[in-house]
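Novice: For reference, this is model26.pdb, and it has PDB, C-alpha atoms, pLDDT in the B column.
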MODEL        1
ATOM      1  CA  MET A   1      -0.773 -15.852  -8.797  1.00 44.00           C
ATOM      2  CA  ARG A   2      -0.711 -18.575  -6.210  1.00 59.00           C
ATOM      3  CA  TYR A   3      -2.717 -18.358  -3.017  1.00 61.00           C
ATOM      4  CA  GLU A   4       0.334 -17.973  -0.746  1.00 66.00           C
ATOM      5  CA  GLU A   5       1.581 -14.955  -2.696  1.00 63.00           C
ATOM      6  CA  TRP A   6      -1.905 -13.443  -2.706  1.00 61.00           C
ATOM      7  CA  VAL A   7      -2.035 -13.715   1.099  1.00 64.00           C
ATOM      8  CA  ARG A   8       1.454 -12.206   1.460  1.00 66.00           C
ATOM      9  CA  ARG A   9       1.061  -9.167  -0.805  1.00 67.00           C
ATOM     10  CA  GLY A  10      -2.495  -9.025  -2.035  1.00 78.00           C
ATOM     11  CA  GLY A  11      -5.415  -6.764  -1.313  1.00 88.00           C
ATOM     12  CA  ALA A  12      -9.156  -7.012  -1.701  1.00 90.00           C
ATOM     13  CA  ILE A  13     -12.394  -5.090  -1.395  1.00 92.00           C
ATOM     14  CA  THR A  14     -15.947  -6.349  -0.927  1.00 92.00           C
ATOM     15  CA  LEU A  15     -19.023  -4.141  -1.136  1.00 91.00           C
ATOM     16  CA  ARG A  16     -22.572  -5.127  -0.338  1.00 90.00           C
ATOM     17  CA  ASN A  17     -25.580  -3.143  -1.486  1.00 88.00           C
ATOM     18  CA  PRO A  18     -29.103  -3.996  -0.333  1.00 87.00           C
ATOM     19  CA  ASP A  19     -30.452  -3.141  -3.792  1.00 82.00           C
ATOM     20  CA  PRO A  20     -30.651  -6.344  -5.900  1.00 78.00           C
ATOM     21  CA  THR A  21     -31.302  -4.250  -9.047  1.00 80.00           C
ATOM     22  CA  LEU A  22     -28.023  -2.347  -8.728  1.00 78.00           C
ATOM     23  CA  ASN A  23     -26.769  -1.401 -12.187  1.00 80.00           C
ATOM     24  CA  THR A  24     -23.502   0.397 -11.344  1.00 85.00           C
ATOM     25  CA  ILE A  25     -20.657  -0.399  -8.981  1.00 89.00           C
ATOM     26  CA  HIS A  26     -18.962   2.540  -7.253  1.00 91.00           C
ATOM     27  CA  VAL A  27     -15.963   1.821  -5.020  1.00 93.00           C
ATOM     28  CA  PRO A  28     -14.190   4.225  -2.660  1.00 95.00           C
ATOM     29  CA  VAL A  29     -10.743   5.260  -3.912  1.00 96.00           C
ATOM     30  CA  THR A  30      -7.927   7.520  -2.803  1.00 97.00           C
ATOM     31  CA  VAL A  31      -5.821   9.133  -5.520  1.00 97.00           C
ATOM     32  CA  ARG A  32      -2.231   9.795  -4.414  1.00 97.00           C
ATOM     33  CA  THR A  33      -0.192  11.966  -6.740  1.00 97.00           C
ATOM     34  CA  ILE A  34       3.435  11.301  -7.584  1.00 96.00           C
ATOM     35  CA  PRO A  35       5.337  14.530  -6.756  1.00 96.00           C
ATOM     36  CA  ALA A  36       7.547  14.347  -9.864  1.00 96.00           C
ATOM     37  CA  LEU A  37       4.397  14.223 -12.011  1.00 96.00           C
ATOM     38  CA  CYS A  38       2.711  17.270 -10.400  1.00 96.00           C
ATOM     39  CA  SER A  39       3.140  20.858 -11.557  1.00 96.00           C
ATOM     40  CA  ASP A  40       4.138  22.011  -8.058  1.00 96.00           C
ATOM     41  CA  GLY A  41       6.214  18.922  -7.183  1.00 96.00           C
ATOM     42  CA  LYS A  42       4.076  18.148  -4.122  1.00 96.00           C
ATOM     43  CA  ALA A  43       2.235  14.979  -3.178  1.00 96.00           C
ATOM     44  CA  LYS A  44      -1.536  15.382  -2.904  1.00 97.00           C
ATOM     45  CA  VAL A  45      -4.380  13.125  -1.839  1.00 97.00           C
ATOM     46  CA  PHE A  46      -7.941  13.107  -3.215  1.00 97.00           C
ATOM     47  CA  ASN A  47     -10.756  10.865  -1.946  1.00 97.00           C
ATOM     48  CA  THR A  48     -13.604  10.015  -4.293  1.00 96.00           C
ATOM     49  CA  PHE A  49     -15.489   7.100  -5.813  1.00 95.00           C
ATOM     50  CA  ALA A  50     -14.617   5.100  -8.921  1.00 96.00           C
ATOM     51  CA  LEU A  51     -16.951   3.416 -11.374  1.00 95.00           C
ATOM     52  CA  ILE A  52     -16.104  -0.193 -12.250  1.00 94.00           C
ATOM     53  CA  ASP A  53     -16.325  -0.333 -16.054  1.00 93.00           C
ATOM     54  CA  THR A  54     -15.545  -3.671 -17.731  1.00 92.00           C
ATOM     55  CA  GLY A  55     -16.249  -2.028 -21.102  1.00 91.00           C
ATOM     56  CA  ALA A  56     -13.368   0.432 -20.730  1.00 92.00           C
ATOM     57  CA  THR A  57      -9.990  -0.716 -21.994  1.00 93.00           C
ATOM     58  CA  VAL A  58      -8.113   1.897 -19.954  1.00 95.00           C
ATOM     59  CA  SER A  59      -8.913   3.617 -16.664  1.00 96.00           C
ATOM     60  CA  ALA A  60      -9.680   7.339 -16.613  1.00 96.00           C
ATOM     61  CA  ILE A  61      -9.554  10.340 -14.283  1.00 97.00           C
ATOM     62  CA  ASP A  62     -11.894  13.322 -14.451  1.00 96.00           C
ATOM     63  CA  SER A  63     -10.208  16.287 -16.170  1.00 95.00           C
ATOM     64  CA  GLY A  64     -11.240  18.664 -13.365  1.00 95.00           C
ATOM     65  CA  VAL A  65      -9.658  16.411 -10.739  1.00 96.00           C
ATOM     66  CA  ALA A  66      -6.467  16.032 -12.795  1.00 97.00           C
ATOM     67  CA  LYS A  67      -6.256  19.820 -13.096  1.00 97.00           C
ATOM     68  CA  SER A  68      -6.972  20.475  -9.398  1.00 96.00           C
ATOM     69  CA  LEU A  69      -4.269  17.956  -8.412  1.00 97.00           C
ATOM     70  CA  GLY A  70      -1.806  19.591 -10.808  1.00 97.00           C
ATOM     71  CA  LEU A  71      -1.166  16.353 -12.698  1.00 98.00           C
ATOM     72  CA  ILE A  72       1.255  16.753 -15.592  1.00 97.00           C
ATOM     73  CA  PRO A  73       0.260  14.837 -18.741  1.00 97.00           C
ATOM     74  CA  ILE A  74       2.767  12.086 -19.502  1.00 96.00           C
ATOM     75  CA  SER A  75       1.434  11.267 -22.961  1.00 95.00           C
ATOM     76  CA  LYS A  76      -1.533  11.637 -25.292  1.00 95.00           C
ATOM     77  CA  ALA A  77      -3.844   8.936 -26.565  1.00 92.00           C
ATOM     78  CA  ARG A  78      -6.635   8.569 -29.086  1.00 91.00           C
ATOM     79  CA  VAL A  79      -9.753   7.226 -27.343  1.00 88.00           C
ATOM     80  CA  ASN A  80     -13.092   6.082 -28.646  1.00 84.00           C
ATOM     81  CA  GLY A  81     -16.201   6.410 -26.540  1.00 74.00           C
ATOM     82  CA  VAL A  82     -19.934   6.851 -26.770  1.00 73.00           C
ATOM     83  CA  HIS A  83     -19.425  10.446 -27.960  1.00 74.00           C
ATOM     84  CA  GLY A  84     -16.937   9.577 -30.694  1.00 83.00           C
ATOM     85  CA  SER A  85     -13.173   9.682 -30.999  1.00 90.00           C
ATOM     86  CA  SER A  86     -10.829  12.267 -29.477  1.00 89.00           C
ATOM     87  CA  THR A  87      -7.241  12.811 -28.392  1.00 93.00           C
ATOM     88  CA  VAL A  88      -6.802  13.140 -24.627  1.00 94.00           C
ATOM     89  CA  ASP A  89      -4.021  13.556 -22.083  1.00 96.00           C
ATOM     90  CA  MET A  90      -2.717  10.571 -20.134  1.00 97.00           C
ATOM     91  CA  PHE A  91      -1.779  10.748 -16.449  1.00 98.00           C
ATOM     92  CA  SER A  92       0.016   8.589 -13.905  1.00 97.00           C
ATOM     93  CA  PHE A  93      -0.787   8.387 -10.183  1.00 97.00           C
ATOM     94  CA  ASN A  94      -1.140   5.943  -7.334  1.00 96.00           C
ATOM     95  CA  MET A  95      -4.550   4.783  -6.205  1.00 96.00           C
ATOM     96  CA  ASP A  96      -5.897   2.931  -3.205  1.00 95.00           C
ATOM     97  CA  ILE A  97      -9.099   0.992  -3.755  1.00 94.00           C
ATOM     98  CA  GLY A  98     -10.692   0.524  -0.359  1.00 89.00           C
ATOM     99  CA  ASP A  99      -8.213  -0.035   2.451  1.00 88.00           C
ATOM    100  CA  SER A 100      -5.919  -2.717   1.069  1.00 88.00           C
ATOM    101  CA  LEU A 101      -5.570  -2.471  -2.721  1.00 91.00           C
ATOM    102  CA  HIS A 102      -2.663  -0.224  -3.713  1.00 92.00           C
ATOM    103  CA  ILE A 103      -2.150   0.305  -7.441  1.00 92.00           C
ATOM    104  CA  ASN A 104       0.180   2.335  -9.616  1.00 93.00           C
ATOM    105  CA  VAL A 105      -1.993   3.652 -12.429  1.00 95.00           C
ATOM    106  CA  SER A 106       0.632   4.146 -15.116  1.00 92.00           C
ATOM    107  CA  MET A 107      -1.598   5.395 -17.938  1.00 94.00           C
ATOM    108  CA  ALA A 108      -5.068   6.782 -17.168  1.00 96.00           C
ATOM    109  CA  THR A 109      -6.872   8.768 -19.812  1.00 96.00           C
ATOM    110  CA  GLU A 110      -8.426  12.142 -19.161  1.00 95.00           C
ATOM    111  CA  GLY A 111     -12.217  12.034 -19.034  1.00 92.00           C
ATOM    112  CA  GLN A 112     -15.022  14.476 -18.555  1.00 87.00           C
ATOM    113  CA  PHE A 113     -17.568  12.889 -16.252  1.00 88.00           C
ATOM    114  CA  SER A 114     -20.955  14.568 -16.085  1.00 83.00           C
ATOM    115  CA  THR A 115     -21.692  13.178 -12.640  1.00 83.00           C
ATOM    116  CA  SER A 116     -20.526  13.899  -9.135  1.00 86.00           C
ATOM    117  CA  GLU A 117     -21.010  10.236  -8.148  1.00 89.00           C
ATOM    118  CA  PHE A 118     -17.526   9.205  -9.338  1.00 94.00           C
ATOM    119  CA  LYS A 119     -14.365  10.914 -10.591  1.00 96.00           C
ATOM    120  CA  ILE A 120     -12.335   7.837 -11.551  1.00 97.00           C
ATOM    121  CA  LEU A 121     -13.218   5.071 -13.974  1.00 96.00           C
ATOM    122  CA  ILE A 122     -11.556   1.703 -13.336  1.00 96.00           C
ATOM    123  CA  GLY A 123     -11.125  -0.124 -16.632  1.00 96.00           C
ATOM    124  CA  MET A 124      -9.801  -3.467 -17.764  1.00 96.00           C
ATOM    125  CA  ASP A 125      -6.163  -2.328 -17.470  1.00 95.00           C
ATOM    126  CA  ILE A 126      -6.635  -2.621 -13.685  1.00 95.00           C
ATOM    127  CA  LEU A 127      -9.386  -5.253 -13.515  1.00 94.00           C
ATOM    128  CA  ARG A 128      -7.296  -7.777 -15.489  1.00 93.00           C
ATOM    129  CA  LEU A 129      -4.651  -7.669 -12.735  1.00 91.00           C
ATOM    130  CA  GLY A 130      -6.916  -9.594 -10.397  1.00 90.00           C
ATOM    131  CA  GLU A 131     -10.261 -11.291 -10.179  1.00 91.00           C
ATOM    132  CA  MET A 132     -13.741 -10.112  -9.331  1.00 92.00           C
ATOM    133  CA  TYR A 133     -17.163 -11.397  -8.495  1.00 90.00           C
ATOM    134  CA  LEU A 134     -20.493  -9.657  -8.977  1.00 90.00           C
ATOM    135  CA  GLY A 135     -23.765 -11.281  -8.093  1.00 89.00           C
ATOM    136  CA  GLN A 136     -26.829 -11.449  -5.942  1.00 88.00           C
ATOM    137  CA  GLU A 137     -26.289 -12.126  -2.290  1.00 88.00           C
ATOM    138  CA  GLU A 138     -28.696 -14.600  -0.757  1.00 89.00           C
ATOM    139  CA  LYS A 139     -29.624 -15.376   2.826  1.00 90.00           C
ATOM    140  CA  ASP A 140     -32.128 -18.061   3.754  1.00 93.00           C
ATOM    141  CA  GLY A 141     -32.936 -18.572   0.060  1.00 89.00           C
ATOM    142  CA  LYS A 142     -33.895 -14.932  -0.506  1.00 90.00           C
ATOM    143  CA  CYS A 143     -32.051 -12.240  -2.454  1.00 88.00           C
ATOM    144  CA  VAL A 144     -30.901  -9.580   0.003  1.00 88.00           C
ATOM    145  CA  GLY A 145     -28.855  -7.423  -2.365  1.00 89.00           C
ATOM    146  CA  THR A 146     -25.854  -7.210  -4.631  1.00 89.00           C
ATOM    147  CA  ILE A 147     -22.291  -8.176  -3.721  1.00 90.00           C
ATOM    148  CA  PHE A 148     -19.115  -7.038  -5.491  1.00 91.00           C
ATOM    149  CA  SER A 149     -15.728  -8.412  -4.512  1.00 92.00           C
ATOM    150  CA  PHE A 150     -12.379  -7.684  -6.169  1.00 92.00           C
ATOM    151  CA  SER A 151      -8.866  -8.901  -5.424  1.00 90.00           C
ATOM    152  CA  ILE A 152      -5.385  -8.103  -6.736  1.00 89.00           C
ATOM    153  CA  PRO A 153      -3.573 -10.325  -7.480  1.00 85.00           C
ATOM    154  CA  ALA A 154      -5.781 -13.243  -8.402  1.00 82.00           C
ATOM    155  CA  THR A 155      -5.815 -16.091  -5.903  1.00 79.00           C
ATOM    156  CA  GLY A 156      -5.024 -18.670  -8.571  1.00 75.00           C
ATOM    157  CA  ASP A 157      -8.385 -20.359  -8.061  1.00 77.00           C
ATOM    158  CA  SER A 158     -10.526 -19.502 -11.060  1.00 79.00           C
ATOM    159  CA  ILE A 159     -14.281 -19.997 -11.045  1.00 84.00           C
ATOM    160  CA  ASP A 160     -15.901 -21.934 -13.869  1.00 87.00           C
ATOM    161  CA  TYR A 161     -19.662 -21.991 -13.405  1.00 88.00           C
ATOM    162  CA  VAL A 162     -20.210 -24.346 -16.367  1.00 93.00           C
ATOM    163  CA  GLU A 163     -17.856 -26.891 -14.812  1.00 92.00           C
ATOM    164  CA  MET A 164     -19.496 -26.501 -11.393  1.00 91.00           C
ATOM    165  CA  LEU A 165     -22.990 -26.934 -12.861  1.00 92.00           C
ATOM    166  CA  ASN A 166     -21.968 -29.999 -14.890  1.00 92.00           C
ATOM    167  CA  LYS A 167     -20.402 -31.627 -11.804  1.00 92.00           C
ATOM    168  CA  ALA A 168     -23.502 -30.888  -9.722  1.00 92.00           C
ATOM    169  CA  ARG A 169     -25.751 -32.385 -12.423  1.00 93.00           C
ATOM    170  CA  GLN A 170     -23.563 -35.495 -12.699  1.00 93.00           C
ATOM    171  CA  SER A 171     -23.625 -35.896  -8.929  1.00 91.00           C
ATOM    172  CA  LYS A 172     -27.411 -35.535  -8.871  1.00 89.00           C
ATOM    173  CA  MET A 173     -27.781 -38.091 -11.693  1.00 90.00           C
ATOM    174  CA  LYS A 174     -25.571 -40.568  -9.779  1.00 89.00           C
ATOM    175  CA  GLU A 175     -27.600 -40.000  -6.628  1.00 88.00           C
ATOM    176  CA  LEU A 176     -30.863 -40.657  -8.489  1.00 87.00           C
ATOM    177  CA  SER A 177     -29.533 -43.772 -10.239  1.00 88.00           C
ATOM    178  CA  ASN A 178     -28.271 -45.193  -6.922  1.00 88.00           C
ATOM    179  CA  LYS A 179     -31.777 -44.811  -5.453  1.00 83.00           C
ATOM    180  CA  ASN A 180     -33.268 -46.888  -8.269  1.00 71.00           C
TER     181      ASN A 180
ENDMDL
END
Since I need it in another form, could you write the structure as structure tokens?
Specialist:
Amino acid sequence: MRYEEWVRRGGAITLRNPDPTLNTIHVPVTVRTIPALCSDGKAKVFNTFALIDTGATVSAIDSGVAKSLGLIPISKARVNGVHGSSTVDMFSFNMDIGDSLHINVSMATEGQFSTSEFKILIGMDILRLGEMYLGQEEKDGKCVGTIFSFSIPATGDSIDYVEMLNKARQSKMKELSNKN
């Protein structure tokens, strides 16, 4: 996706956490049901948090949330997870990530999350639509926390840290050889 198109129709979210040892990323989401895919035919809204999970192939919604929203399964899928393999329902809904990312989740698996911290899992089916950054945030040479930033669609400017490091090293070598 080119930069101009990203500006015209894209969305993004950035979260900062003062904990530099952060080991999970939770983002605020709003689930918006599609009336035709609800048992009562009515649109509903549910605010919660989602876990960013690069190890998940497909996104998931908590089974209790799917039931409370009256989501009608659109399919079934065989999934493999840490607790083995099982057949689960698949659901479709719209989701806002933060204020500006609006996504149609066409096939989310049903999950049973044992935590109240998040009720949606965002997997690679959504993450591959854009680009993200996760790293330590520094100010005045000191780590002040963790930063997560995600954009859909991608800006078209990919980041290659190996290339950046090699160019910086070459530049430094030139600088040193010019001094001698």
Novice: Apply the PyMOL selection byres ((chain A and resi 34-44) around 6) to the file shown and report the selected residues as a VMD selection string.
Specialist: chain A and resid 32 to 33 45 70 to 72 93
Novice: Take the residues from that selection and put them in a file with C-alpha atoms, as a compact mmCIF listing (two decimals), in the coordinates of the input.
Specialist:
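Contents of the output file result.txt:
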# COMPACT_ATOMS: atom_id res chain seq x y z
CA ARG A 32 -2.23 9.80 -4.41
CA THR A 33 -0.19 11.97 -6.74
CA VAL A 45 -4.38 13.12 -1.84
CA GLY A 70 -1.81 19.59 -10.81
CA LEU A 71 -1.17 16.35 -12.70
CA ILE A 72 1.25 16.75 -15.59
CA PHE A 93 -0.79 8.39 -10.18
Novice: Could you check which of A:Ser151, A:Thr109, A:Asn180, A:Ser85 is closest to Ala66 of chain A, using all atoms listed in the file?
Specialist: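 Closest to Ala66 of chain A, using all atoms listed in the file: A:Thr109.
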Novice: With a distance cut-off of 12 Å and only C-alpha atoms, select the neighbouring residues of segment 131-148 of chain A, excluding the residue or stretch itself and same-chain residues fewer than 2 positions from it, and output the selection as a PyMOL selection string.
Specialist: chain A and resi 1+6+10-27+52+54+124+126-129+150-161
Novice: Given all atoms listed in the file as the basis, pick out the residue of A:Ala56, A:Leu51, A:Met107, A:Leu165 nearest to Phe91 of chain A.
Specialist: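 With all atoms listed in the file as the atom set, the closest residue is A:Met107.
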Novice: What's the separation between atom CA of Val162 of chain A and atom CA of Leu176 of chain A, in Å to one decimal place?
Specialist: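 Going from atom CA of Val162 of chain A over to atom CA of Leu176 of chain A covers 21.0 Å.
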Novice: Could you expand the PyMOL selection byres ((chain A and resi 81) around 12) into the explicit residues it covers here, written as a tab-separated table (two decimals) with C-alpha atoms, keeping the file's coordinate frame?
Specialist:
chain	number	residue	atom	x	y	z
A	55	GLY	CA	-16.25	-2.03	-21.10
A	56	ALA	CA	-13.37	0.43	-20.73
A	57	THR	CA	-9.99	-0.72	-21.99
A	58	VAL	CA	-8.11	1.90	-19.95
A	60	ALA	CA	-9.68	7.34	-16.61
A	78	ARG	CA	-6.64	8.57	-29.09
A	79	VAL	CA	-9.75	7.23	-27.34
A	80	ASN	CA	-13.09	6.08	-28.65
A	82	VAL	CA	-19.93	6.85	-26.77
A	83	HIS	CA	-19.42	10.45	-27.96
A	84	GLY	CA	-16.94	9.58	-30.69
A	85	SER	CA	-13.17	9.68	-31.00
A	86	SER	CA	-10.83	12.27	-29.48
A	87	THR	CA	-7.24	12.81	-28.39
A	88	VAL	CA	-6.80	13.14	-24.63
A	109	THR	CA	-6.87	8.77	-19.81
A	111	GLY	CA	-12.22	12.03	-19.03
A	112	GLN	CA	-15.02	14.48	-18.56
Novice: Report the distance between atom CA of Asp89 of chain A and atom CA of Leu69 of chain A in Å, rounded to one decimal place.
Specialist: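 So the answer is 14.4 Å.
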Novice: For the atom pair atom CA of Phe113 of chain A and atom CA of Ile97 of chain A, what is the interatomic distance in Å to one decimal place?
Specialist: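 Answer for the atom CA of Phe113 of chain A to atom CA of Ile97 of chain A separation: 19.2 Å.
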Novice: Of the residues A:Thr30, A:Ser63, A:Ser75, A:Asn47, which is the one nearest to His102 of chain A, using all atoms listed in the file?
Specialist: A:Thr30
Novice: Can you list, as a list of chain:residue names, the residues that the PyMOL selection byres ((chain A and resi 116) around 12) selects here?
Specialist: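 Taken over the shown coordinates, the PyMOL selection byres ((chain A and resi 116) around 12) returns A:His26, A:Thr48, A:Phe49, A:Ala50, A:Leu51, A:Asp62, A:Gly64, A:Val65, A:Gln112, A:Phe113, A:Ser114, A:Thr115, A:Glu117, A:Phe118, A:Lys119, A:Ile120.
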Novice: Write the residues of the selection above to a file with C-alpha atoms, as a PDB file, in the frame of the given file.
Specialist:
ATOM      1  CA  HIS A  26     -18.962   2.540  -7.253  1.00 91.00           C
ATOM      2  CA  THR A  48     -13.604  10.015  -4.293  1.00 96.00           C
ATOM      3  CA  PHE A  49     -15.489   7.100  -5.813  1.00 95.00           C
ATOM      4  CA  ALA A  50     -14.617   5.100  -8.921  1.00 96.00           C
ATOM      5  CA  LEU A  51     -16.951   3.416 -11.374  1.00 95.00           C
ATOM      6  CA  ASP A  62     -11.894  13.322 -14.451  1.00 96.00           C
ATOM      7  CA  GLY A  64     -11.240  18.664 -13.365  1.00 95.00           C
ATOM      8  CA  VAL A  65      -9.658  16.411 -10.739  1.00 96.00           C
ATOM      9  CA  GLN A 112     -15.022  14.476 -18.555  1.00 87.00           C
ATOM     10  CA  PHE A 113     -17.568  12.889 -16.252  1.00 88.00           C
ATOM     11  CA  SER A 114     -20.955  14.568 -16.085  1.00 83.00           C
ATOM     12  CA  THR A 115     -21.692  13.178 -12.640  1.00 83.00           C
ATOM     13  CA  GLU A 117     -21.010  10.236  -8.148  1.00 89.00           C
ATOM     14  CA  PHE A 118     -17.526   9.205  -9.338  1.00 94.00           C
ATOM     15  CA  LYS A 119     -14.365  10.914 -10.591  1.00 96.00           C
ATOM     16  CA  ILE A 120     -12.335   7.837 -11.551  1.00 97.00           C
TER      17      ILE A 120
END
